[in-house]
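Pasting data_33.pdb here (PDB, C-alpha atoms):
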ATOM      1  CA  MET A   1     -11.299  10.305  12.710
ATOM      2  CA  ARG A   2      -8.155  12.015  13.845
ATOM      3  CA  ARG A   3      -4.935  11.479  11.976
ATOM      4  CA  LYS A   4      -2.205   9.168  13.215
ATOM      5  CA  PRO A   5      -0.078  10.470  16.067
ATOM      6  CA  PHE A   6       3.342  11.212  14.613
ATOM      7  CA  ILE A   7       5.381   9.223  17.127
ATOM      8  CA  ARG A   8       3.260   6.087  16.837
ATOM      9  CA  ALA A   9       3.324   6.255  13.052
ATOM     10  CA  VAL A  10       7.105   6.678  13.031
ATOM     11  CA  SER A  11       7.553   3.680  15.314
ATOM     12  CA  ILE A  12       5.396   1.435  13.139
ATOM     13  CA  ALA A  13       7.051   2.631   9.945
ATOM     14  CA  ILE A  14      10.600   2.174  11.230
ATOM     15  CA  THR A  15       9.755  -1.400  12.193
ATOM     16  CA  ALA A  16       8.456  -2.096   8.684
ATOM     17  CA  ILE A  17      11.476  -0.524   7.012
ATOM     18  CA  LEU A  18      13.987  -2.373   9.171
ATOM     19  CA  ALA A  19      12.297  -5.676   8.387
ATOM     20  CA  VAL A  20      13.095  -5.048   4.737
ATOM     21  CA  SER A  21      16.253  -2.974   4.673
ATOM     22  CA  VAL A  22      18.260  -5.376   6.833
ATOM     23  CA  LEU A  23      18.428  -7.567   3.744
ATOM     24  CA  PHE A  24      19.860  -4.770   1.601
ATOM     25  CA  GLY A  25      23.195  -4.544   3.402
ATOM     26  CA  CYS A  26      26.008  -3.935   0.972
ATOM     27  CA  SER A  27      28.074  -7.011   0.140
ATOM     28  CA  GLY A  28      30.299  -5.128  -2.258
ATOM     29  CA  GLN A  29      31.137  -1.505  -2.979
ATOM     30  CA  SER A  30      31.307  -1.468  -6.760
ATOM     31  CA  MET A  31      28.601   1.212  -6.710
ATOM     32  CA  LYS A  32      28.134   4.116  -4.333
ATOM     33  CA  GLU A  33      24.942   4.019  -2.289
ATOM     34  CA  GLN A  34      23.067   7.157  -1.334
ATOM     35  CA  GLU A  35      19.961   6.929   0.790
ATOM     36  CA  ARG A  36      17.446   9.432   2.083
ATOM     37  CA  THR A  37      14.429   9.084   4.355
ATOM     38  CA  SER A  38      11.428  11.305   4.998
ATOM     39  CA  PHE A  39       7.980  11.245   6.587
ATOM     40  CA  LEU A  40       5.247  11.174   3.935
ATOM     41  CA  PHE A  41       1.948   9.337   3.413
ATOM     42  CA  ASP A  42       1.697   8.977   7.230
ATOM     43  CA  THR A  43       4.758   6.736   7.196
ATOM     44  CA  ILE A  44       8.535   6.729   6.898
ATOM     45  CA  ILE A  45       9.725   6.419   3.313
ATOM     46  CA  SER A  46      13.239   5.501   2.256
ATOM     47  CA  ILE A  47      14.877   5.657  -1.172
ATOM     48  CA  LYS A  48      18.322   4.238  -1.841
ATOM     49  CA  LEU A  49      20.104   4.833  -5.126
ATOM     50  CA  ARG A  50      23.106   2.800  -6.242
ATOM     51  CA  CYS A  51      25.092   4.444  -9.000
ATOM     52  CA  ASP A  52      28.560   5.551 -10.043
ATOM     53  CA  ASN A  53      27.828   9.277  -9.865
ATOM     54  CA  ASP A  54      26.533  11.671  -7.241
ATOM     55  CA  ALA A  55      22.814  11.058  -6.877
ATOM     56  CA  GLU A  56      21.827  13.929  -4.586
ATOM     57  CA  SER A  57      20.022  15.836  -7.330
ATOM     58  CA  VAL A  58      18.098  12.710  -8.325
ATOM     59  CA  LEU A  59      17.072  12.175  -4.709
ATOM     60  CA  ASP A  60      15.971  15.821  -4.508
ATOM     61  CA  ASP A  61      13.792  15.388  -7.566
ATOM     62  CA  VAL A  62      12.281  12.032  -6.634
ATOM     63  CA  PHE A  63      11.346  13.238  -3.146
ATOM     64  CA  SER A  64       9.776  16.339  -4.698
ATOM     65  CA  LEU A  65       7.785  13.964  -6.904
ATOM     66  CA  CYS A  66       6.607  12.027  -3.842
ATOM     67  CA  GLU A  67       5.589  15.265  -2.119
ATOM     68  CA  HIS A  68       3.658  16.247  -5.242
ATOM     69  CA  TYR A  69       1.643  13.028  -5.160
ATOM     70  CA  ASN A  70       1.105  13.354  -1.428
ATOM     71  CA  SER A  71      -0.430  16.774  -2.035
ATOM     72  CA  LEU A  72      -2.826  15.243  -4.570
ATOM     73  CA  PHE A  73      -3.860  12.077  -2.724
ATOM     74  CA  ASP A  74      -4.000  13.062   0.979
ATOM     75  CA  ARG A  75      -7.675  12.622   1.813
ATOM     76  CA  TYR A  76      -7.333  14.845   4.898
ATOM     77  CA  ASP A  77      -5.766  17.833   3.124
ATOM     78  CA  PRO A  78      -8.481  20.323   2.040
ATOM     79  CA  GLU A  79      -6.371  21.311  -0.977
ATOM     80  CA  SER A  80      -5.894  17.750  -2.272
ATOM     81  CA  ASP A  81      -7.825  16.271  -5.167
ATOM     82  CA  ILE A  82      -9.149  13.398  -3.041
ATOM     83  CA  TYR A  83     -10.465  15.735  -0.346
ATOM     84  CA  ARG A  84     -12.191  17.891  -2.949
ATOM     85  CA  ILE A  85     -13.813  14.848  -4.576
ATOM     86  CA  ASN A  86     -15.016  13.579  -1.195
ATOM     87  CA  HIS A  87     -16.563  16.950  -0.385
ATOM     88  CA  SER A  88     -18.053  17.669  -3.811
ATOM     89  CA  GLU A  89     -21.592  16.760  -2.669
ATOM     90  CA  GLY A  90     -22.205  14.641  -5.728
ATOM     91  CA  LEU A  91     -21.092  17.280  -8.229
ATOM     92  CA  PRO A  92     -18.389  16.713 -10.889
ATOM     93  CA  CYS A  93     -14.897  17.585  -9.675
ATOM     94  CA  GLU A  94     -11.962  18.531 -11.889
ATOM     95  CA  VAL A  95      -8.708  16.877 -10.830
ATOM     96  CA  ASN A  96      -5.082  16.574 -11.853
ATOM     97  CA  PRO A  97      -4.513  14.066 -14.701
ATOM     98  CA  GLU A  98      -2.342  11.967 -12.383
ATOM     99  CA  THR A  99      -5.196  11.702  -9.885
ATOM    100  CA  ALA A 100      -7.520  10.560 -12.653
ATOM    101  CA  GLU A 101      -4.908   7.994 -13.712
ATOM    102  CA  MET A 102      -4.566   6.617 -10.181
ATOM    103  CA  LEU A 103      -8.328   6.439  -9.689
ATOM    104  CA  SER A 104      -8.827   4.729 -13.052
ATOM    105  CA  ALA A 105      -6.344   2.045 -12.004
ATOM    106  CA  ALA A 106      -8.137   1.732  -8.663
ATOM    107  CA  LEU A 107     -11.459   1.158 -10.441
ATOM    108  CA  ASP A 108      -9.851  -1.508 -12.632
ATOM    109  CA  TYR A 109      -8.677  -3.443  -9.564
ATOM    110  CA  SER A 110     -12.001  -2.879  -7.815
ATOM    111  CA  ARG A 111     -13.722  -4.543 -10.773
ATOM    112  CA  LEU A 112     -11.104  -7.290 -11.049
ATOM    113  CA  SER A 113     -11.534  -8.243  -7.398
ATOM    114  CA  GLY A 114     -15.316  -8.060  -7.457
ATOM    115  CA  GLY A 115     -15.245  -5.237  -4.915
ATOM    116  CA  ARG A 116     -13.069  -6.969  -2.312
ATOM    117  CA  TYR A 117     -10.768  -4.042  -2.897
ATOM    118  CA  ASP A 118     -12.985  -0.990  -3.406
ATOM    119  CA  ILE A 119     -11.679   2.568  -3.794
ATOM    120  CA  SER A 120     -15.068   3.950  -2.661
ATOM    121  CA  CYS A 121     -14.812   2.601   0.904
ATOM    122  CA  GLY A 122     -13.787   5.895   2.546
ATOM    123  CA  SER A 123     -16.998   6.436   4.514
ATOM    124  CA  VAL A 124     -16.426   3.058   6.158
ATOM    125  CA  THR A 125     -12.689   3.252   6.832
ATOM    126  CA  ILE A 126     -12.984   6.709   8.400
ATOM    127  CA  LEU A 127     -15.174   5.232  11.159
ATOM    128  CA  TRP A 128     -12.270   3.122  12.432
ATOM    129  CA  ASP A 129      -9.415   4.540  14.517
ATOM    130  CA  PHE A 130      -6.558   2.080  14.903
ATOM    131  CA  THR A 131      -4.246   4.538  16.661
ATOM    132  CA  SER A 132      -6.337   5.634  19.626
ATOM    133  CA  ASP A 133      -5.058   4.908  23.122
ATOM    134  CA  VAL A 134      -8.652   3.986  23.982
ATOM    135  CA  PRO A 135      -9.873   1.962  20.983
ATOM    136  CA  LEU A 136     -13.577   1.720  20.286
ATOM    137  CA  LEU A 137     -15.665  -0.107  17.702
ATOM    138  CA  PRO A 138     -17.669   1.983  15.239
ATOM    139  CA  ASP A 139     -21.284   2.683  16.037
ATOM    140  CA  PRO A 140     -23.274  -0.116  14.303
ATOM    141  CA  SER A 141     -25.850   2.249  12.832
ATOM    142  CA  ALA A 142     -23.157   4.571  11.489
ATOM    143  CA  LEU A 143     -21.353   1.587   9.986
ATOM    144  CA  GLU A 144     -24.539   0.341   8.342
ATOM    145  CA  SER A 145     -25.188   3.764   6.828
ATOM    146  CA  ALA A 146     -21.603   4.058   5.598
ATOM    147  CA  LEU A 147     -21.766   0.673   3.877
ATOM    148  CA  GLU A 148     -24.675   1.930   1.784
ATOM    149  CA  THR A 149     -22.351   4.537   0.215
ATOM    150  CA  VAL A 150     -19.806   1.954  -0.996
ATOM    151  CA  GLY A 151     -19.888   0.987  -4.664
ATOM    152  CA  PHE A 152     -17.012   1.464  -7.087
ATOM    153  CA  GLU A 153     -19.426   1.105 -10.003
ATOM    154  CA  ASN A 154     -20.935   4.472  -9.021
ATOM    155  CA  VAL A 155     -17.626   6.318  -9.429
ATOM    156  CA  ILE A 156     -17.501   8.048 -12.814
ATOM    157  CA  ILE A 157     -14.278   9.251 -14.422
ATOM    158  CA  ASP A 158     -14.511  11.261 -17.620
ATOM    159  CA  GLY A 159     -11.102  12.555 -18.594
ATOM    160  CA  CYS A 160     -10.019  14.630 -15.600
ATOM    161  CA  THR A 161     -13.529  14.946 -14.187
ATOM    162  CA  VAL A 162     -14.478  12.659 -11.300
ATOM    163  CA  THR A 163     -18.010  12.289  -9.980
ATOM    164  CA  VAL A 164     -19.044  10.287  -6.912
ATOM    165  CA  PRO A 165     -22.512  10.098  -5.344
ATOM    166  CA  GLN A 166     -23.187  12.348  -2.378
ATOM    167  CA  GLY A 167     -22.009  10.599   0.779
ATOM    168  CA  THR A 168     -19.502   8.380  -1.007
ATOM    169  CA  GLU A 169     -15.866   8.950  -0.116
ATOM    170  CA  LEU A 170     -12.762   7.641  -1.846
ATOM    171  CA  ASP A 171      -9.942   6.095   0.176
ATOM    172  CA  PRO A 172      -6.762   5.773  -1.906
ATOM    173  CA  GLY A 173      -4.910   4.015   0.910
ATOM    174  CA  GLY A 174      -4.994   0.624  -0.796
ATOM    175  CA  ILE A 175      -3.283   1.755  -3.994
ATOM    176  CA  ALA A 176      -1.719   5.210  -3.626
ATOM    177  CA  LYS A 177       1.665   4.118  -2.279
ATOM    178  CA  GLY A 178       1.965   1.506  -5.010
ATOM    179  CA  PHE A 179       1.060   4.027  -7.690
ATOM    180  CA  ILE A 180       3.615   6.490  -6.321
ATOM    181  CA  ALA A 181       6.302   3.805  -6.077
ATOM    182  CA  ASP A 182       5.776   3.017  -9.769
ATOM    183  CA  LYS A 183       6.106   6.686 -10.694
ATOM    184  CA  ALA A 184       9.216   7.082  -8.540
ATOM    185  CA  ALA A 185      10.793   4.019 -10.175
ATOM    186  CA  ASP A 186      10.012   5.352 -13.651
ATOM    187  CA  PHE A 187      11.599   8.682 -12.767
ATOM    188  CA  ILE A 188      14.706   7.028 -11.324
ATOM    189  CA  ARG A 189      15.173   4.959 -14.479
ATOM    190  CA  SER A 190      14.714   8.047 -16.652
ATOM    191  CA  ALA A 191      17.460   9.773 -14.662
ATOM    192  CA  GLY A 192      19.901   7.034 -15.669
ATOM    193  CA  VAL A 193      20.024   5.239 -12.315
ATOM    194  CA  GLU A 194      20.026   1.502 -12.933
ATOM    195  CA  SER A 195      19.865   0.189  -9.364
ATOM    196  CA  ALA A 196      17.644   1.456  -6.539
ATOM    197  CA  VAL A 197      15.409   0.458  -3.648
ATOM    198  CA  ILE A 198      12.196   2.390  -2.992
ATOM    199  CA  ASN A 199      10.559   1.621   0.342
ATOM    200  CA  LEU A 200       7.325   3.477   1.037
ATOM    201  CA  GLY A 201       6.537   2.272   4.536
ATOM    202  CA  GLY A 202       7.096  -1.385   3.654
ATOM    203  CA  ASN A 203       5.779  -1.118   0.104
ATOM    204  CA  VAL A 204       8.993  -2.077  -1.699
ATOM    205  CA  CYS A 205       9.936  -1.501  -5.333
ATOM    206  CA  VAL A 206      13.404  -2.378  -6.601
ATOM    207  CA  VAL A 207      14.943  -0.970  -9.753
ATOM    208  CA  GLY A 208      17.406  -3.211 -11.569
ATOM    209  CA  ASP A 209      19.582  -5.583  -9.580
ATOM    210  CA  LYS A 210      22.425  -5.439  -7.062
ATOM    211  CA  ASP A 211      25.793  -6.005  -8.717
ATOM    212  CA  GLY A 212      24.272  -8.567 -11.076
ATOM    213  CA  GLN A 213      22.337 -10.377  -8.329
ATOM    214  CA  PRO A 214      18.672 -10.036  -7.305
ATOM    215  CA  PHE A 215      17.730  -7.906  -4.335
ATOM    216  CA  LYS A 216      16.547  -9.852  -1.299
ATOM    217  CA  VAL A 217      13.343  -8.406   0.158
ATOM    218  CA  GLY A 218      12.300  -9.619   3.592
ATOM    219  CA  ILE A 219       8.785 -10.915   4.290
ATOM    220  CA  GLN A 220       7.599  -9.702   7.693
ATOM    221  CA  SER A 221       6.245 -12.341  10.049
ATOM    222  CA  PRO A 222       2.609 -11.533  10.918
ATOM    223  CA  PHE A 223       3.036 -13.082  14.377
ATOM    224  CA  GLU A 224       6.287 -11.670  15.746
ATOM    225  CA  SER A 225       9.087  -9.255  14.955
ATOM    226  CA  GLY A 226      11.437 -10.268  12.184
ATOM    227  CA  SER A 227      10.997 -11.990   8.859
ATOM    228  CA  ILE A 228       9.772 -15.425   7.852
ATOM    229  CA  GLY A 229      12.099 -15.383   4.851
ATOM    230  CA  TYR A 230      12.828 -13.352   1.767
ATOM    231  CA  VAL A 231      12.152 -13.143  -1.941
ATOM    232  CA  SER A 232      14.878 -12.574  -4.541
ATOM    233  CA  VAL A 233      13.665 -10.097  -7.150
ATOM    234  CA  THR A 234      14.885  -7.815  -9.919
ATOM    235  CA  ASP A 235      12.935  -4.844 -11.309
ATOM    236  CA  CYS A 236       9.931  -5.795  -9.236
ATOM    237  CA  SER A 237       7.606  -4.752  -6.431
ATOM    238  CA  VAL A 238       6.882  -6.640  -3.219
ATOM    239  CA  VAL A 239       3.865  -5.494  -1.204
ATOM    240  CA  THR A 240       2.412  -7.097   1.923
ATOM    241  CA  ALA A 241      -1.004  -6.637   3.519
ATOM    242  CA  GLY A 242      -1.133  -7.977   7.062
ATOM    243  CA  SER A 243      -3.371  -8.029  10.107
ATOM    244  CA  TYR A 244      -0.406  -6.864  12.209
ATOM    245  CA  GLN A 245       0.121  -3.548  10.414
ATOM    246  CA  ARG A 246      -2.625  -1.417  11.981
ATOM    247  CA  CYS A 247      -4.678  -3.045  14.679
ATOM    248  CA  PHE A 248      -5.888  -3.032  18.276
ATOM    249  CA  GLU A 249      -7.143  -5.620  20.739
ATOM    250  CA  LEU A 250     -10.430  -5.148  22.556
ATOM    251  CA  ASP A 251     -11.984  -7.639  24.965
ATOM    252  CA  GLY A 252      -9.639 -10.348  23.733
ATOM    253  CA  THR A 253     -10.400  -9.838  20.023
ATOM    254  CA  LEU A 254      -7.934  -8.465  17.477
ATOM    255  CA  TYR A 255      -9.339  -5.820  15.123
ATOM    256  CA  HIS A 256      -7.220  -4.912  12.088
ATOM    257  CA  HIS A 257      -7.519  -2.364   9.296
ATOM    258  CA  ILE A 258      -8.272  -4.664   6.338
ATOM    259  CA  LEU A 259     -12.031  -4.384   6.219
ATOM    260  CA  ASP A 260     -14.527  -6.745   4.600
ATOM    261  CA  LEU A 261     -16.978  -4.409   2.900
ATOM    262  CA  THR A 262     -19.865  -6.838   3.223
ATOM    263  CA  ASP A 263     -20.156  -5.806   6.885
ATOM    264  CA  GLY A 264     -17.467  -3.166   7.418
ATOM    265  CA  MET A 265     -15.630  -5.301   9.961
ATOM    266  CA  PRO A 266     -12.048  -6.610   9.836
ATOM    267  CA  SER A 267     -11.749  -9.509   7.409
ATOM    268  CA  ARG A 268     -11.955 -12.985   8.942
ATOM    269  CA  SER A 269     -10.736 -14.952   5.939
ATOM    270  CA  GLY A 270      -8.241 -16.990   7.935
ATOM    271  CA  VAL A 271      -5.329 -15.072   6.400
ATOM    272  CA  ALA A 272      -2.717 -13.281   8.524
ATOM    273  CA  SER A 273      -0.768 -11.725   5.648
ATOM    274  CA  VAL A 274      -0.553 -11.702   1.864
ATOM    275  CA  THR A 275       2.539 -10.697  -0.082
ATOM    276  CA  ILE A 276       2.181  -9.901  -3.777
ATOM    277  CA  ILE A 277       5.092  -9.857  -6.215
ATOM    278  CA  SER A 278       4.470  -7.898  -9.411
ATOM    279  CA  ARG A 279       6.170  -5.600 -11.895
ATOM    280  CA  SER A 280       3.514  -3.035 -10.980
ATOM    281  CA  SER A 281       3.550  -1.775  -7.414
ATOM    282  CA  ALA A 282       0.031  -0.345  -7.800
ATOM    283  CA  GLN A 283      -1.198  -3.764  -8.879
ATOM    284  CA  ALA A 284       0.590  -5.438  -5.980
ATOM    285  CA  ASP A 285      -0.853  -2.920  -3.518
ATOM    286  CA  ALA A 286      -4.474  -3.385  -4.561
ATOM    287  CA  LEU A 287      -4.229  -7.162  -4.986
ATOM    288  CA  ALA A 288      -2.662  -7.636  -1.553
ATOM    289  CA  THR A 289      -5.759  -6.123   0.055
ATOM    290  CA  ALA A 290      -8.162  -8.004  -2.222
ATOM    291  CA  CYS A 291      -6.493 -11.377  -1.704
ATOM    292  CA  PHE A 292      -6.350 -10.934   2.071
ATOM    293  CA  ILE A 293     -10.122 -10.539   2.105
ATOM    294  CA  MET A 294     -10.750 -13.293  -0.459
ATOM    295  CA  GLY A 295      -8.768 -15.875   1.488
ATOM    296  CA  VAL A 296      -6.271 -18.438   0.264
ATOM    297  CA  GLU A 297      -8.407 -20.444  -2.166
ATOM    298  CA  ASP A 298     -10.149 -17.585  -3.966
ATOM    299  CA  GLY A 299      -7.062 -15.399  -3.745
ATOM    300  CA  MET A 300      -4.911 -18.063  -5.364
ATOM    301  CA  THR A 301      -7.482 -18.473  -8.134
ATOM    302  CA  LEU A 302      -7.361 -14.747  -8.850
ATOM    303  CA  ILE A 303      -3.550 -14.584  -8.854
ATOM    304  CA  ASP A 304      -3.251 -17.671 -11.075
ATOM    305  CA  SER A 305      -5.455 -15.915 -13.631
ATOM    306  CA  LEU A 306      -3.006 -12.996 -13.915
ATOM    307  CA  GLU A 307       0.221 -13.070 -15.869
ATOM    308  CA  GLY A 308       3.411 -12.054 -14.083
ATOM    309  CA  VAL A 309       1.873 -11.867 -10.603
ATOM    310  CA  GLU A 310       2.816 -14.140  -7.679
ATOM    311  CA  ALA A 311       1.569 -14.424  -4.107
ATOM    312  CA  ILE A 312       2.597 -15.681  -0.678
ATOM    313  CA  PHE A 313      -0.203 -16.288   1.838
ATOM    314  CA  VAL A 314       0.414 -16.814   5.543
ATOM    315  CA  THR A 315      -2.651 -18.191   7.323
ATOM    316  CA  GLU A 316      -3.668 -17.509  10.907
ATOM    317  CA  ASP A 317      -2.487 -21.055  11.673
ATOM    318  CA  GLY A 318       0.989 -20.234  10.382
ATOM    319  CA  GLU A 319       0.760 -22.190   7.138
ATOM    320  CA  VAL A 320       2.586 -20.615   4.174
ATOM    321  CA  CYS A 321       0.912 -21.065   0.773
ATOM    322  CA  MET A 322       2.632 -19.867  -2.402
ATOM    323  CA  THR A 323       2.056 -19.735  -6.122
ATOM    324  CA  ASP A 324       4.581 -21.715  -8.145
ATOM    325  CA  GLY A 325       6.340 -18.560  -9.301
ATOM    326  CA  ALA A 326       6.646 -17.251  -5.750
ATOM    327  CA  ARG A 327       8.040 -20.567  -4.544
ATOM    328  CA  ALA A 328      10.818 -20.285  -7.115
ATOM    329  CA  VAL A 329      12.108 -16.978  -5.679
ATOM    330  CA  THR A 330      11.327 -17.422  -1.964
ATOM    331  CA  ALA A 331      13.577 -18.697   0.802
ATOM    332  CA  LEU A 332      11.898 -19.378   4.152
ATOM    333  CA  TYR A 333      13.815 -19.408   7.431
TER     334      TYR A 333
END
Turn the structure described in the file into structure tokens.
Amino acid sequence: MRRKPFIRAVSIAITAILAVSVLFGCSGQSMKEQERTSFLFDTIISIKLRCDNDAESVLDDVFSLCEHYNSLFDRYDPESDIYRINHSEGLPCEVNPETAEMLSAALDYSRLSGGRYDISCGSVTILWDFTSDVPLLPDPSALESALETVGFENVIIDGCTVTVPQGTELDPGGIAKGFIADKAADFIRSAGVESAVINLGGNVCVVGDKDGQPFKVGIQSPFESGSIGYVSVTDCSVVTAGSYQRCFELDGTLYHHILDLTDGMPSRSGVASVTIISRSSAQADALATACFIMGVEDGMTLIDSLEGVEAIFVTEDGEVCMTDGARAVTALY
């Protein structure tokens, strides 16, 4: 599968960022705001620091950190750890400790979700191209063969050595941005910055608060441009998985990128989007995908079993379902 065309990816990413950042407009100027954007992880990323001092050096360092993780996790880069694992032909592969850490977290969430989110789905996801001007469905026989390679329980991590069966490919897309957002937030805090907004293509992590008040993070409508409302959060991550994010229509049917690994086709759980609120952006990232596939009832059951995690489901019929904790911090338009 070819990589995303740059222009199309930029357009999608700018839309996602504007849906969030419009709610971050400055109501007061007690702190200076410095913001920088870049194109990484096949999307536009934006980091805004709010502090009393010049933050240019901090922005330099945090963007270098993001570039470092991009070099490790880019499954299409022959020098990345993920590429080397996917082309190791079943042999053990030595990786960076941070790659092993990310993959260990991915396996934890794969187990927690019973495989609804599964880091080992790369041979399936690579068969889909959601950016082509002439979209096509995967060949059924190729899809059937790819599904046989999926199984997170077959991924072995021993220290910094990762082993996957021949034919199995890892796809970090459902957790990598969350993992990186967490690392960026940790770095920003360690640099003495107490207020920041990290937006990795719509995966939002806020550090601290805004002049003593929570940040307001917009929730994108899955049906039209604009937001359905916002959540008020402090030191938290807000991550949405939606059928509108990467998709195409063919013969009157919408095909989106959140795949049900029982058949390799786009999930038909009746959910249009899921937004997860969590202290951990990696957790929010993986759970958003899992809960989208699980549907409202099973997804709610999973979220209710976890401490400090909240969810907002929007169904294909437009109904909004929220956990009690999410309801307490959400304002709908």
For the provided coordinates, the residues matched by the PyMOL selection byres ((chain A and resi 238-246) around 8) should be stated as a tab-separated table (two decimals) with C-alpha atoms, in the coordinates of the input.
chain	number	residue	atom	x	y	z
A	12	ILE	CA	5.40	1.44	13.14
A	130	PHE	CA	-6.56	2.08	14.90
A	131	THR	CA	-4.25	4.54	16.66
A	202	GLY	CA	7.10	-1.38	3.65
A	203	ASN	CA	5.78	-1.12	0.10
A	204	VAL	CA	8.99	-2.08	-1.70
A	205	CYS	CA	9.94	-1.50	-5.33
A	217	VAL	CA	13.34	-8.41	0.16
A	219	ILE	CA	8.78	-10.92	4.29
A	222	PRO	CA	2.61	-11.53	10.92
A	223	PHE	CA	3.04	-13.08	14.38
A	236	CYS	CA	9.93	-5.80	-9.24
A	237	SER	CA	7.61	-4.75	-6.43
A	247	CYS	CA	-4.68	-3.04	14.68
A	248	PHE	CA	-5.89	-3.03	18.28
A	256	HIS	CA	-7.22	-4.91	12.09
A	257	HIS	CA	-7.52	-2.36	9.30
A	258	ILE	CA	-8.27	-4.66	6.34
A	272	ALA	CA	-2.72	-13.28	8.52
A	273	SER	CA	-0.77	-11.72	5.65
A	274	VAL	CA	-0.55	-11.70	1.86
A	275	THR	CA	2.54	-10.70	-0.08
A	276	ILE	CA	2.18	-9.90	-3.78
A	277	ILE	CA	5.09	-9.86	-6.22
A	278	SER	CA	4.47	-7.90	-9.41
A	281	SER	CA	3.55	-1.78	-7.41
A	284	ALA	CA	0.59	-5.44	-5.98
A	285	ASP	CA	-0.85	-2.92	-3.52
A	288	ALA	CA	-2.66	-7.64	-1.55
A	289	THR	CA	-5.76	-6.12	0.06
A	292	PHE	CA	-6.35	-10.93	2.07
What's the separation between CA of Asp209 in chain A and CA of Ala184 in chain A, in Å to one decimal place?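 Pair CA of Asp209 in chain A / CA of Ala184 in chain A returns 16.4 Å.
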Can I get the residues of range 133-225 of chain A within 10 Å of range 32-44 of chain A, each with the closest pair of atoms and their distance in Å to one decimal, using only C-alpha atoms, sorted chain first then ascending number, as JSON lines?
{"residue": "A:Gly173", "atom": "CA", "partner": "A:Phe41", "partner_atom": "CA", "distance": 9.0}
{"residue": "A:Ala176", "atom": "CA", "partner": "A:Phe41", "partner_atom": "CA", "distance": 8.9}
{"residue": "A:Lys177", "atom": "CA", "partner": "A:Phe41", "partner_atom": "CA", "distance": 7.7}
{"residue": "A:Ser195", "atom": "CA", "partner": "A:Glu33", "partner_atom": "CA", "distance": 9.5}
{"residue": "A:Ala196", "atom": "CA", "partner": "A:Glu33", "partner_atom": "CA", "distance": 8.8}
{"residue": "A:Val197", "atom": "CA", "partner": "A:Glu35", "partner_atom": "CA", "distance": 9.1}
{"residue": "A:Ile198", "atom": "CA", "partner": "A:Glu35", "partner_atom": "CA", "distance": 9.8}
{"residue": "A:Asn199", "atom": "CA", "partner": "A:Ile44", "partner_atom": "CA", "distance": 8.6}
{"residue": "A:Leu200", "atom": "CA", "partner": "A:Ile44", "partner_atom": "CA", "distance": 6.8}
{"residue": "A:Gly201", "atom": "CA", "partner": "A:Ile44", "partner_atom": "CA", "distance": 5.4}
{"residue": "A:Gly202", "atom": "CA", "partner": "A:Ile44", "partner_atom": "CA", "distance": 8.9}
Smallest atom-to-atom distance to Ile180 in chain A: which of A:Asp298, A:Asp263, A:Asp54, A:Glu98, using all atoms listed in the file?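 Between A:Asp298, A:Asp263, A:Asp54, A:Glu98, the residue approaching Ile180 in chain A most closely is A:Glu98.
Against this structure, the PyMOL selection byres ((chain A and resi 55) around 10) ends up with Lys32, Glu33, Gln34, Glu35, Lys48, Leu49, Arg50, Cys51, Asp52, Asn53, Asp54, Glu56, Ser57, Val58, Leu59, Asp60, Ala191 and Val193 of chain A.
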